[in-house]
Amino acid sequence: MIRIDCPFCGLRDHSEFSYGGDASIEYPPLDAPVKDWHDAVFLRENICGRQSETWQHVQGCRMWLVIERDTMTHEIYSIRPAHPGMAKAMEADQ
């Protein structure tokens with residue numbers, strides 16, 4: 001079982017979250033050719049090891065998070081809000 005320490009709600013079971021995908025993907029501009037969008041959405045690396053991922057806390061605060069996790073062991077190394085403004089606000093609070 002994966003336990004995710006949501007910065008807003010505290011430690012929760014992963015079943016409260018929805019996986020959003022690889023956080024390192026840079027999507028093309030909206031007016032980019034279909035091939036560019038196809039490649040960004042469907043042609044992904046299947047990383048074995050440490051990866052940054054997006055997760056949404058759907059059964060909690062509903063915030064999007066960037067979680068650095070090992071895909072083999074499920075060990076979580078870091079968790080931060082996906083929105084840069086929210087991350088800065090949280091840093092200022094501490």
# chains A, B, ... in the order shown; residues from 1 in each chain; ligands from 1
call {"tool": "residues_around", "arguments": {"residues": "Leu65 in chain A", "least_positions_apart": "6", "cutoff": "7 Å", "atoms": "only C-alpha atoms", "output": "ChimeraX atom specification"}}
result
/A:54-56,79-82
call {"tool": "write_last_selection", "arguments": {"atoms": "C-alpha atoms", "output": "compact mmCIF listing (two decimals), in the first residue's frame"}}
result
# COMPACT_ATOMS: atom_id res chain seq x y z
CA THR A 54 1.31 14.19 -10.94
CA TRP A 55 -1.42 12.99 -8.59
CA GLN A 56 -4.72 14.61 -7.64
CA ILE A 79 5.74 15.86 -2.49
CA ARG A 80 4.88 19.41 -3.50
CA PRO A 81 1.89 21.29 -4.90
CA ALA A 82 1.83 21.16 -8.71
call {"tool": "residues_around", "arguments": {"residues": "Asp22 in chain A", "least_positions_apart": "2", "cutoff": "12 Å", "atoms": "only C-alpha atoms", "output": "ChimeraX atom specification"}}
result
/A:19-20,24-27,40-47,50-55,65-69,71
call {"tool": "write_last_selection", "arguments": {"atoms": "C-alpha atoms", "output": "PDB file, in the first residue's frame"}}
result
ATOM      1  CA  TYR A  19      -2.639   9.266 -10.917  1.00  0.00           C
ATOM      2  CA  GLY A  20      -2.185  12.042 -13.458  1.00  0.00           C
ATOM      3  CA  SER A  24       8.252  15.876 -16.668  1.00  0.00           C
ATOM      4  CA  ILE A  25       6.215  15.926 -19.907  1.00  0.00           C
ATOM      5  CA  GLU A  26       6.233  19.286 -21.664  1.00  0.00           C
ATOM      6  CA  TYR A  27       3.100  19.598 -23.746  1.00  0.00           C
ATOM      7  CA  ALA A  40       3.414  13.984 -26.046  1.00  0.00           C
ATOM      8  CA  VAL A  41       0.309  12.098 -24.914  1.00  0.00           C
ATOM      9  CA  PHE A  42       0.956   8.535 -26.079  1.00  0.00           C
ATOM     10  CA  LEU A  43       4.711   8.046 -26.552  1.00  0.00           C
ATOM     11  CA  ARG A  44       6.035   7.962 -23.008  1.00  0.00           C
ATOM     12  CA  GLU A  45       8.986   6.327 -21.343  1.00  0.00           C
ATOM     13  CA  ASN A  46       8.188   3.500 -18.943  1.00  0.00           C
ATOM     14  CA  ILE A  47      10.676   4.555 -16.291  1.00  0.00           C
ATOM     15  CA  ARG A  50      12.774   7.392  -9.674  1.00  0.00           C
ATOM     16  CA  GLN A  51      10.168   9.472 -11.501  1.00  0.00           C
ATOM     17  CA  SER A  52       8.209  12.703 -10.964  1.00  0.00           C
ATOM     18  CA  GLU A  53       4.465  12.129 -11.287  1.00  0.00           C
ATOM     19  CA  THR A  54       1.306  14.192 -10.941  1.00  0.00           C
ATOM     20  CA  TRP A  55      -1.418  12.987  -8.591  1.00  0.00           C
ATOM     21  CA  LEU A  65       0.578  17.355  -6.425  1.00  0.00           C
ATOM     22  CA  VAL A  66       3.953  16.489  -7.936  1.00  0.00           C
ATOM     23  CA  ILE A  67       5.272  13.368  -6.259  1.00  0.00           C
ATOM     24  CA  GLU A  68       8.773  12.027  -6.802  1.00  0.00           C
ATOM     25  CA  ARG A  69       8.418   8.266  -6.425  1.00  0.00           C
ATOM     26  CA  THR A  71       8.283   3.040  -9.583  1.00  0.00           C
TER      27      THR A  71
END
call {"tool": "residues_around", "arguments": {"residues": "range 13-16 of chain A", "least_positions_apart": "6", "cutoff": "9 Å", "atoms": "only C-alpha atoms", "output": "list in words"}}
result
Met1, Ile2, Arg3, Ile4, Asp5, Gln56, His57, Val58, Gln59 and Gly60 of chain A
call {"tool": "select_by_dssp", "arguments": {"residues": "chain A", "states": "strand (DSSP E or B)", "output": "ChimeraX atom specification"}}
result
/A:3-6,10-13,18-22,50-56,64-70,76-81
call {"tool": "residues_around", "arguments": {"residues": "Pro28 in chain A", "least_positions_apart": "3", "cutoff": "7 Å", "atoms": "only C-alpha atoms", "output": "PDB file with C-alpha atoms, in the first residue's frame"}}
result
ATOM      1  CA  ALA A  32       0.869  22.472 -32.597  1.00  0.00           C
ATOM      2  CA  ASP A  36       3.291  16.605 -31.694  1.00  0.00           C
ATOM      3  CA  TRP A  37       0.255  16.125 -29.439  1.00  0.00           C
TER       4      TRP A  37
END
call {"tool": "select_by_dssp", "arguments": {"residues": "chain A", "states": "alpha helix (DSSP H)", "output": "PyMOL selection string"}}
result
chain A and resi 34-42+84-93
call {"tool": "write_last_selection", "arguments": {"atoms": "C-alpha atoms", "output": "mmCIF file, in the first residue's frame"}}
result
data_model
loop_
_atom_site.group_PDB
_atom_site.id
_atom_site.type_symbol
_atom_site.label_atom_id
_atom_site.label_comp_id
_atom_site.auth_asym_id
_atom_site.auth_seq_id
_atom_site.Cartn_x
_atom_site.Cartn_y
_atom_site.Cartn_z
ATOM 1 C CA VAL A 34 -1.521 16.629 -34.212
ATOM 2 C CA LYS A 35 1.648 14.514 -34.429
ATOM 3 C CA ASP A 36 3.291 16.605 -31.694
ATOM 4 C CA TRP A 37 0.255 16.125 -29.439
ATOM 5 C CA HIS A 38 0.106 12.421 -30.245
ATOM 6 C CA ASP A 39 3.757 11.978 -29.298
ATOM 7 C CA ALA A 40 3.414 13.984 -26.046
ATOM 8 C CA VAL A 41 0.309 12.098 -24.914
ATOM 9 C CA PHE A 42 0.956 8.535 -26.079
ATOM 10 C CA PRO A 84 4.042 26.981 -8.559
ATOM 11 C CA GLY A 85 2.085 29.777 -6.836
ATOM 12 C CA MET A 86 0.748 27.367 -4.221
ATOM 13 C CA ALA A 87 4.242 25.980 -3.599
ATOM 14 C CA LYS A 88 5.598 29.522 -3.038
ATOM 15 C CA ALA A 89 2.740 30.355 -0.663
ATOM 16 C CA MET A 90 3.465 27.242 1.384
ATOM 17 C CA GLU A 91 7.185 28.143 1.578
ATOM 18 C CA ALA A 92 6.307 31.626 2.831
ATOM 19 C CA ASP A 93 4.145 30.080 5.569
#
